[in-house]
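K.L.:
Next comes the structure file structure.cif, holding mmCIF, C-alpha atoms.
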data_my_file
loop_
_atom_site.label_atom_id
_atom_site.label_comp_id
_atom_site.auth_asym_id
_atom_site.auth_seq_id
_atom_site.Cartn_x
_atom_site.Cartn_y
_atom_site.Cartn_z
CA MET A 1 -21.96 -44.33 49.53
CA GLU A 2 -21.38 -42.65 46.15
CA ILE A 3 -24.95 -41.33 46.11
CA PHE A 4 -24.57 -39.94 49.63
CA LEU A 5 -21.33 -38.15 48.71
CA LEU A 6 -22.98 -36.62 45.64
CA LEU A 7 -25.92 -35.55 47.79
CA LEU A 8 -23.53 -34.06 50.33
CA PHE A 9 -21.70 -32.23 47.54
CA SER A 10 -24.95 -30.94 46.06
CA GLY A 11 -26.25 -29.70 49.41
CA THR A 12 -22.94 -28.05 50.20
CA ILE A 13 -22.86 -26.16 46.90
CA ARG A 14 -26.48 -25.09 47.33
CA GLY A 15 -25.67 -23.94 50.86
CA ILE A 16 -22.80 -21.81 49.55
CA GLY A 17 -25.19 -20.49 46.91
CA TYR A 18 -27.58 -19.52 49.69
CA ILE A 19 -24.84 -17.37 51.23
CA VAL A 20 -24.27 -15.67 47.86
CA SER A 21 -28.03 -15.08 47.49
CA LYS A 22 -27.94 -13.10 50.74
CA TYR A 23 -25.65 -10.59 49.05
CA ILE A 24 -27.98 -10.47 46.05
CA SER A 25 -30.97 -9.75 48.28
CA LEU A 26 -29.19 -6.69 49.73
CA GLY A 27 -29.29 -4.95 46.34
CA LYS A 28 -32.02 -2.78 44.92
CA GLY A 29 -35.04 -4.29 43.16
CA SER A 30 -38.08 -6.31 44.14
CA SER A 31 -37.78 -9.93 45.27
CA HIS A 32 -39.63 -11.08 42.16
CA SER A 33 -37.28 -9.17 39.85
CA MET A 34 -34.31 -10.78 41.60
CA ALA A 35 -35.85 -14.24 41.32
CA LEU A 36 -36.55 -13.71 37.62
CA ALA A 37 -33.00 -12.43 37.12
CA ASN A 38 -31.67 -15.59 38.79
CA ALA A 39 -33.91 -17.74 36.59
CA ILE A 40 -32.69 -15.95 33.45
CA MET A 41 -29.07 -16.59 34.42
CA ASP A 42 -29.82 -20.22 35.36
CA THR A 43 -31.38 -20.77 31.94
CA SER A 44 -28.49 -19.04 30.18
CA LEU A 45 -26.05 -21.46 31.81
CA SER A 46 -28.04 -24.69 31.63
CA LEU A 47 -29.83 -24.39 28.28
CA PRO A 48 -26.67 -24.62 26.10
CA ILE A 49 -25.73 -27.82 27.94
CA GLY A 50 -29.22 -29.24 27.35
CA ILE A 51 -29.06 -28.32 23.65
CA PHE A 52 -25.63 -30.00 23.38
CA ILE A 53 -27.06 -33.21 24.89
CA LEU A 54 -30.02 -33.06 22.52
CA LEU A 55 -27.73 -32.72 19.49
CA ARG A 56 -25.83 -35.82 20.60
CA THR A 57 -29.07 -37.81 21.00
CA PRO A 58 -31.06 -37.14 17.79
CA ASP A 59 -33.49 -39.97 18.61
CA PHE A 60 -34.51 -38.32 21.91
CA HIS A 61 -38.19 -37.58 22.43
CA ILE A 62 -40.16 -36.51 25.48
CA GLU A 63 -43.60 -37.90 26.19
CA THR A 64 -46.44 -35.41 26.30
CA ALA A 65 -47.34 -36.48 29.84
CA ILE A 66 -43.79 -35.88 31.07
CA LEU A 67 -43.70 -32.46 29.42
CA PHE A 68 -47.02 -31.59 31.07
CA LEU A 69 -45.72 -32.70 34.48
CA SER A 70 -42.56 -30.65 33.91
CA ILE A 71 -44.68 -27.57 33.27
CA LEU A 72 -46.75 -28.39 36.36
CA SER A 73 -43.60 -28.77 38.48
CA ALA A 74 -42.24 -25.40 37.34
CA ALA A 75 -45.65 -23.80 37.98
CA ALA A 76 -45.80 -25.32 41.49
CA TYR A 77 -42.33 -24.05 42.34
CA GLY A 78 -43.07 -20.65 40.80
CA LEU A 79 -46.26 -20.44 42.88
CA SER A 80 -44.25 -21.37 45.96
CA ILE A 81 -41.88 -18.46 45.32
CA SER A 82 -44.80 -16.09 44.73
CA LEU A 83 -46.48 -17.16 47.97
CA GLN A 84 -43.25 -16.57 49.86
CA TYR A 85 -43.09 -13.03 48.48
CA SER A 86 -46.67 -12.44 49.62
CA ALA A 87 -45.92 -13.87 53.05
CA LEU A 88 -42.90 -11.62 53.59
CA LYS A 89 -45.22 -8.61 53.38
CA ARG A 90 -47.06 -9.93 56.44
CA ILE A 91 -44.53 -11.84 58.59
CA ASP A 92 -40.83 -11.73 59.52
CA MET A 93 -38.18 -13.64 57.57
CA SER A 94 -37.37 -15.73 60.67
CA VAL A 95 -40.98 -16.89 60.97
CA MET A 96 -41.11 -17.77 57.29
CA GLY A 97 -37.86 -19.72 57.58
CA ILE A 98 -39.30 -21.89 60.35
CA VAL A 99 -42.68 -22.56 58.75
CA LEU A 100 -41.14 -23.18 55.32
CA ARG A 101 -39.18 -26.12 56.76
CA LEU A 102 -42.48 -27.97 56.72
CA ASN A 103 -41.68 -28.71 53.07
CA ILE A 104 -39.33 -31.40 54.43
CA LEU A 105 -42.26 -33.15 56.10
CA PHE A 106 -44.64 -32.63 53.17
CA SER A 107 -42.07 -33.91 50.64
CA SER A 108 -41.58 -37.11 52.61
CA LEU A 109 -45.28 -37.70 53.24
CA ILE A 110 -46.19 -37.20 49.57
CA GLY A 111 -43.36 -39.53 48.54
CA ILE A 112 -44.59 -42.22 50.91
CA ILE A 113 -48.31 -41.86 50.21
CA VAL A 114 -48.34 -41.05 46.48
CA LEU A 115 -45.14 -42.65 45.17
CA GLY A 116 -45.30 -45.64 47.52
CA GLU A 117 -41.83 -45.12 48.98
CA LYS A 118 -40.84 -47.05 52.11
CA MET A 119 -39.28 -45.89 55.37
CA ASN A 120 -38.44 -47.91 58.46
CA ASN A 121 -38.83 -46.81 62.06
CA TRP A 122 -35.28 -45.42 62.19
CA ASN A 123 -35.99 -43.34 59.10
CA TYR A 124 -39.14 -41.90 60.65
CA LEU A 125 -37.16 -41.06 63.79
CA GLY A 126 -34.52 -39.46 61.60
CA LEU A 127 -37.14 -37.35 59.80
CA PHE A 128 -38.56 -36.19 63.14
CA THR A 129 -35.05 -35.40 64.45
CA ILE A 130 -34.21 -33.42 61.31
CA LEU A 131 -37.38 -31.36 61.65
CA ILE A 132 -36.70 -30.61 65.33
CA GLY A 133 -33.09 -29.72 64.54
CA ASN A 134 -34.12 -27.38 61.73
CA PHE A 135 -36.72 -25.65 63.89
CA ILE A 136 -34.23 -25.18 66.74
CA VAL A 137 -31.61 -23.65 64.41
CA LEU A 138 -34.08 -21.23 62.85
CA SER A 139 -36.23 -20.33 65.84
CA LYS A 140 -35.83 -17.02 67.64
CA LYS A 141 -37.39 -15.59 70.77
CA GLY A 142 -40.94 -14.43 70.37
CA LYS A 143 -44.24 -15.94 69.36
CA PHE A 144 -46.17 -15.79 66.15
CA ASN A 145 -49.83 -16.20 65.42
CA ILE A 146 -51.49 -18.08 62.61
CA ASN A 147 -52.37 -15.34 60.10
CA PHE A 148 -52.54 -15.03 56.32
CA GLY A 149 -48.75 -14.70 56.12
CA VAL A 150 -48.22 -18.02 57.91
CA LEU A 151 -50.92 -19.69 55.81
CA PHE A 152 -49.19 -18.43 52.63
CA VAL A 153 -45.92 -20.01 53.79
CA ILE A 154 -47.64 -23.32 54.56
CA LEU A 155 -49.10 -23.30 51.05
CA ALA A 156 -45.65 -22.41 49.70
CA ALA A 157 -44.16 -25.40 51.53
CA ILE A 158 -46.85 -27.68 50.07
CA CYS A 159 -46.23 -26.36 46.54
CA SER A 160 -42.48 -26.87 46.97
CA ALA A 161 -43.07 -30.44 48.17
CA ILE A 162 -45.36 -31.15 45.21
CA ALA A 163 -42.67 -29.85 42.83
CA SER A 164 -40.05 -32.10 44.45
CA ASN A 165 -42.22 -35.19 44.05
CA LEU A 166 -43.08 -34.30 40.47
CA ASP A 167 -39.36 -33.92 39.81
CA LYS A 168 -38.76 -37.42 41.18
CA TYR A 169 -41.37 -38.95 38.88
CA ILE A 170 -40.15 -36.96 35.87
CA LEU A 171 -36.52 -37.91 36.48
CA ASN A 172 -37.49 -41.56 36.30
CA ASN A 173 -38.42 -40.91 32.67
CA ILE A 174 -35.91 -38.37 31.34
CA ASN A 175 -32.19 -37.62 31.24
CA SER A 176 -31.30 -35.65 34.38
CA VAL A 177 -29.10 -33.12 32.53
CA LEU A 178 -31.85 -32.41 30.02
CA TYR A 179 -34.38 -31.98 32.80
CA VAL A 180 -32.24 -29.39 34.60
CA SER A 181 -32.17 -27.34 31.39
CA LEU A 182 -35.89 -27.81 30.78
CA ASN A 183 -36.80 -27.04 34.39
CA SER A 184 -34.73 -23.84 34.38
CA LEU A 185 -36.38 -22.66 31.18
CA LEU A 186 -39.89 -23.45 32.40
CA LEU A 187 -39.28 -21.76 35.76
CA MET A 188 -38.02 -18.64 34.00
CA LEU A 189 -41.14 -18.55 31.82
CA THR A 190 -43.37 -19.14 34.86
CA LEU A 191 -41.86 -16.21 36.77
CA PHE A 192 -42.04 -14.03 33.66
CA PHE A 193 -45.74 -14.70 33.06
CA MET A 194 -46.49 -14.03 36.73
CA ARG A 195 -45.15 -10.47 36.40
CA PRO A 196 -44.08 -9.59 32.84
CA LYS A 197 -43.28 -6.02 33.85
CA SER A 198 -40.43 -7.31 36.04
CA LEU A 199 -38.39 -8.34 32.98
CA LYS A 200 -36.87 -4.91 32.38
CA THR A 201 -35.84 -4.56 36.00
CA SER A 202 -34.41 -8.09 36.02
CA PHE A 203 -32.18 -7.38 33.03
CA SER A 204 -31.08 -4.15 34.69
CA LEU A 205 -30.13 -6.08 37.84
CA ILE A 206 -28.12 -8.58 35.82
CA ARG A 207 -26.32 -5.83 33.92
CA ASN A 208 -25.40 -3.93 37.09
CA ARG A 209 -24.41 -6.96 39.19
CA PHE A 210 -23.46 -9.50 36.56
CA LYS A 211 -20.63 -11.21 38.47
CA ILE A 212 -22.65 -11.94 41.60
CA PHE A 213 -25.64 -13.23 39.61
CA LEU A 214 -23.30 -15.38 37.49
CA LEU A 215 -21.67 -16.87 40.58
CA PHE A 216 -25.01 -17.63 42.19
CA SER A 217 -26.41 -19.27 39.05
CA PHE A 218 -23.24 -21.31 38.54
CA LEU A 219 -23.55 -22.68 42.08
CA ASN A 220 -27.31 -23.20 41.74
CA ILE A 221 -27.12 -25.05 38.42
CA THR A 222 -24.14 -27.17 39.49
CA ALA A 223 -25.99 -28.21 42.64
CA TRP A 224 -29.15 -28.98 40.61
CA PHE A 225 -27.19 -31.13 38.12
CA PHE A 226 -25.83 -33.29 40.93
CA ALA A 227 -29.11 -33.27 42.87
CA SER A 228 -31.15 -34.38 39.86
CA TYR A 229 -28.84 -37.36 39.34
CA VAL A 230 -29.11 -38.28 43.02
CA LEU A 231 -32.89 -37.92 42.94
CA GLN A 232 -33.03 -40.39 40.05
CA ASN A 233 -31.40 -42.97 42.33
CA MET A 234 -32.93 -42.11 45.69
CA ASP A 235 -36.39 -41.84 47.22
CA VAL A 236 -37.61 -38.26 47.47
CA SER A 237 -38.86 -38.99 51.01
CA LYS A 238 -35.19 -39.33 52.06
CA PHE A 239 -33.62 -36.99 49.51
CA ALA A 240 -35.60 -33.87 50.47
CA PRO A 241 -34.91 -33.93 54.25
CA ILE A 242 -31.20 -34.64 53.82
CA GLN A 243 -30.53 -32.21 50.98
CA LYS A 244 -32.49 -29.34 52.53
CA THR A 245 -30.83 -29.91 55.91
CA ILE A 246 -27.31 -29.91 54.43
CA THR A 247 -28.26 -26.69 52.63
CA LEU A 248 -29.19 -25.19 56.00
CA ILE A 249 -26.09 -26.46 57.83
CA ILE A 250 -23.56 -24.84 55.48
CA PRO A 251 -24.62 -21.16 55.88
CA VAL A 252 -25.17 -21.59 59.62
CA LEU A 253 -21.69 -23.12 60.11
CA SER A 254 -20.21 -20.44 57.86
CA GLY A 255 -21.83 -17.78 60.01
CA ILE A 256 -20.38 -19.32 63.17
CA LEU A 257 -16.87 -20.18 61.93
CA ILE A 258 -16.18 -17.46 59.33
CA PHE A 259 -18.35 -14.48 60.27
CA LYS A 260 -18.10 -15.13 64.06
CA GLU A 261 -21.86 -14.97 64.60
CA LYS A 262 -22.22 -15.85 68.30
CA GLU A 263 -25.91 -15.05 68.77
CA ASN A 264 -27.85 -18.10 70.03
CA LEU A 265 -24.69 -20.19 69.51
CA THR A 266 -25.67 -23.01 71.89
CA GLN A 267 -29.13 -23.22 70.36
CA LYS A 268 -27.67 -23.41 66.83
CA LEU A 269 -25.14 -26.09 67.78
CA ILE A 270 -27.82 -28.23 69.43
CA GLY A 271 -30.05 -27.85 66.38
CA LEU A 272 -27.23 -28.70 63.96
CA GLY A 273 -26.27 -31.70 66.09
CA LEU A 274 -29.82 -33.05 65.99
CA ALA A 275 -30.02 -32.43 62.24
CA ILE A 276 -26.80 -34.37 61.64
CA VAL A 277 -28.00 -37.25 63.83
CA GLY A 278 -31.25 -37.24 61.84
CA ILE A 279 -29.35 -37.54 58.56
CA GLY A 280 -27.54 -40.60 59.95
CA LEU A 281 -30.82 -42.19 61.03
CA MET A 282 -32.26 -41.71 57.53
CA TYR A 283 -29.64 -44.15 56.24
CA LEU A 284 -30.30 -46.97 58.74
#
Output the file's structure in the form of structure tokens.

P.N.:
Amino acid sequence: MEIFLLLLFSGTIRGIGYIVSKYISLGKGSSHSMALANAIMDTSLSLPIGIFILLRTPDFHIETAILFLSILSAAAYGLSISLQYSALKRIDMSVMGIVLRLNILFSSLIGIIVLGEKMNNWNYLGLFTILIGNFIVLSKKGKFNINFGVLFVILAAICSAIASNLDKYILNNINSVLYVSLNSLLLMLTLFFMRPKSLKTSFSLIRNRFKIFLLFSFLNITAWFFASYVLQNMDVSKFAPIQKTITLIIPVLSGILIFKEKENLTQKLIGLGLAIVGIGLMYL
């Protein structure tokens, strides 16, 4: 029960962070510059905590293999972000949101096949229900064809799922607080090396909108601290669907209850209902 509450708390904070990120995305600057700015702020907040933990554990050492996997995880997530940027040039945000939810399925399948995690029939039904619920919430009228944009999002979902499973393996071998700091640093470096010229713009964005970037990074890092602890004690095949679904539920409910967004209200409520039922089934 404690793990579930921490997972609920983590997903809720990340969902609130998603709302804040919407305001960030309305500002000037490329998506990559904004992502790098977020990564810089995340590192600025988490790295001092990681250094503090290191100073209190002078006998700490990280295996070369774990460090390599950490770099690989950051690279996979960085590639996922880059692919999403490329996809947005070719397809609508709504289409990307739907297709990207496939990372829930991919995360679970990789966890089951590669990490040998177990799920019963109720869990499989819950996973299917979560996917259907997510798709219903995000879907809008209109059809989309399989093009390069959609393929980029599918690859992005696979990369995100790979990163999640690497995180699970890494967290079995390292302090979760230290890994959050290390992961933030590596992700920042990954985004920087993808487009070094974005650094100047990113610092400009932080300087001009410091408070909103600080708030977003505080929420993001807090959620990641709790999530990393939960992931140490929970199978990724169950963690990913539940956490990502809670993250979706919060902004959708906020839109309905706070911002009075009535468009496709029945559709959203049905989707959220199915998603919540799916979360329950994942625990049977």

K.L.:
Identify, on the basis of only C-alpha atoms, every residue whose closest approach to stretch 267-271 of chain A does not exceed 10 Å; exclude the query and any residue fewer than 2 positions from it along the same chain; express the result as an mmCIF file with C-alpha atoms, in the coordinates of the input.

P.N.:
data_model
loop_
_atom_site.group_PDB
_atom_site.id
_atom_site.type_symbol
_atom_site.label_atom_id
_atom_site.label_comp_id
_atom_site.auth_asym_id
_atom_site.auth_seq_id
_atom_site.Cartn_x
_atom_site.Cartn_y
_atom_site.Cartn_z
ATOM 1 C CA THR A 129 -35.050 -35.400 64.450
ATOM 2 C CA ILE A 130 -34.210 -33.420 61.310
ATOM 3 C CA LEU A 131 -37.380 -31.360 61.650
ATOM 4 C CA ILE A 132 -36.700 -30.610 65.330
ATOM 5 C CA GLY A 133 -33.090 -29.720 64.540
ATOM 6 C CA ASN A 134 -34.120 -27.380 61.730
ATOM 7 C CA PHE A 135 -36.720 -25.650 63.890
ATOM 8 C CA ILE A 136 -34.230 -25.180 66.740
ATOM 9 C CA VAL A 137 -31.610 -23.650 64.410
ATOM 10 C CA LEU A 138 -34.080 -21.230 62.850
ATOM 11 C CA SER A 139 -36.230 -20.330 65.840
ATOM 12 C CA LYS A 140 -35.830 -17.020 67.640
ATOM 13 C CA ILE A 249 -26.090 -26.460 57.830
ATOM 14 C CA VAL A 252 -25.170 -21.590 59.620
ATOM 15 C CA LEU A 253 -21.690 -23.120 60.110
ATOM 16 C CA ILE A 256 -20.380 -19.320 63.170
ATOM 17 C CA LYS A 262 -22.220 -15.850 68.300
ATOM 18 C CA GLU A 263 -25.910 -15.050 68.770
ATOM 19 C CA ASN A 264 -27.850 -18.100 70.030
ATOM 20 C CA LEU A 265 -24.690 -20.190 69.510
ATOM 21 C CA GLY A 273 -26.270 -31.700 66.090
ATOM 22 C CA LEU A 274 -29.820 -33.050 65.990
ATOM 23 C CA ALA A 275 -30.020 -32.430 62.240
ATOM 24 C CA ILE A 276 -26.800 -34.370 61.640
ATOM 25 C CA VAL A 277 -28.000 -37.250 63.830
#

K.L.:
Could you state which residues are captured by the PyMOL selection byres ((chain A and resi 7) around 8) in this file, as a PyMOL selection string?

P.N.:
chain A and resi 3-6+8-11+226-227+230+243

K.L.:
For this file, the PyMOL selection byres ((chain A and resi 157) around 12) selects which residues, as a PyMOL selection string?

P.N.:
chain A and resi 76-84+87+96-107+150-156+158-164

K.L.:
Might you pull out every residue within 9 Å of A:Ala35, with all atoms listed in the file counted and same-chain residues fewer than 5 positions away left off, and present them as number ranges by chain?

P.N.:
A: 30, 40, 81, 188, 191, 202

K.L.:
To verify the selection step, state as a ChimeraX atom specification which residues the PyMOL selection byres ((chain A and resi 171) around 12) yields on this input.

P.N.:
/A:62,66-67,69-70,73,163-170,172-180,182-183,225,227-236

K.L.:
Interatomic distance between atom CA of A:Glu117 and atom CA of A:Pro241?

P.N.:
14.2 Å

K.L.:
Skipping near chain neighbours, those fewer than 4 positions away, what residues fall within 9 Å of A:Lys118 using all atoms listed in the file, listed as number ranges by chain?

P.N.:
A: 111-112, 235, 237

K.L.:
Keeping only C-alpha atoms, take the residues you just selected and write them out as a PDB file, in the frame of the given file.

P.N.:
ATOM      1  CA  GLY A 111     -43.360 -39.530  48.540  1.00  0.00           C
ATOM      2  CA  ILE A 112     -44.590 -42.220  50.910  1.00  0.00           C
ATOM      3  CA  ASP A 235     -36.390 -41.840  47.220  1.00  0.00           C
ATOM      4  CA  SER A 237     -38.860 -38.990  51.010  1.00  0.00           C
TER       5      SER A 237
END

K.L.:
When you look at stretch 193-200 of chain A with a cut-off of 8 Å (counting only C-alpha atoms), what residues show up, excluding the ones that are within fewer than 3 positions of it in the same chain? I need them as a PyMOL selection string.

P.N.:
chain A and resi 32-33+36-37+189-190+203-204

K.L.:
Just to confirm, what's the straight-line distance from atom CA of A:Leu186 to atom CA of A:Ile71 in Å (one decimal)?

P.N.:
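Between atom CA of A:Leu186 and atom CA of A:Ile71 the gap is 6.4 Å.
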
K.L.:
I need the residue nearest A:Ser44 from this list: A:Leu284, A:Ile242, A:Leu185, A:Val95. Use only C-alpha atoms for the distance.

P.N.:
A:Leu185

K.L.:
Which residue is closest to A:Pro48? Choose from A:His61, A:Lys22, A:Ala75, A:Ser181 and count only C-alpha atoms.

P.N.:
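The closest residue to A:Pro48 is A:Ser181.
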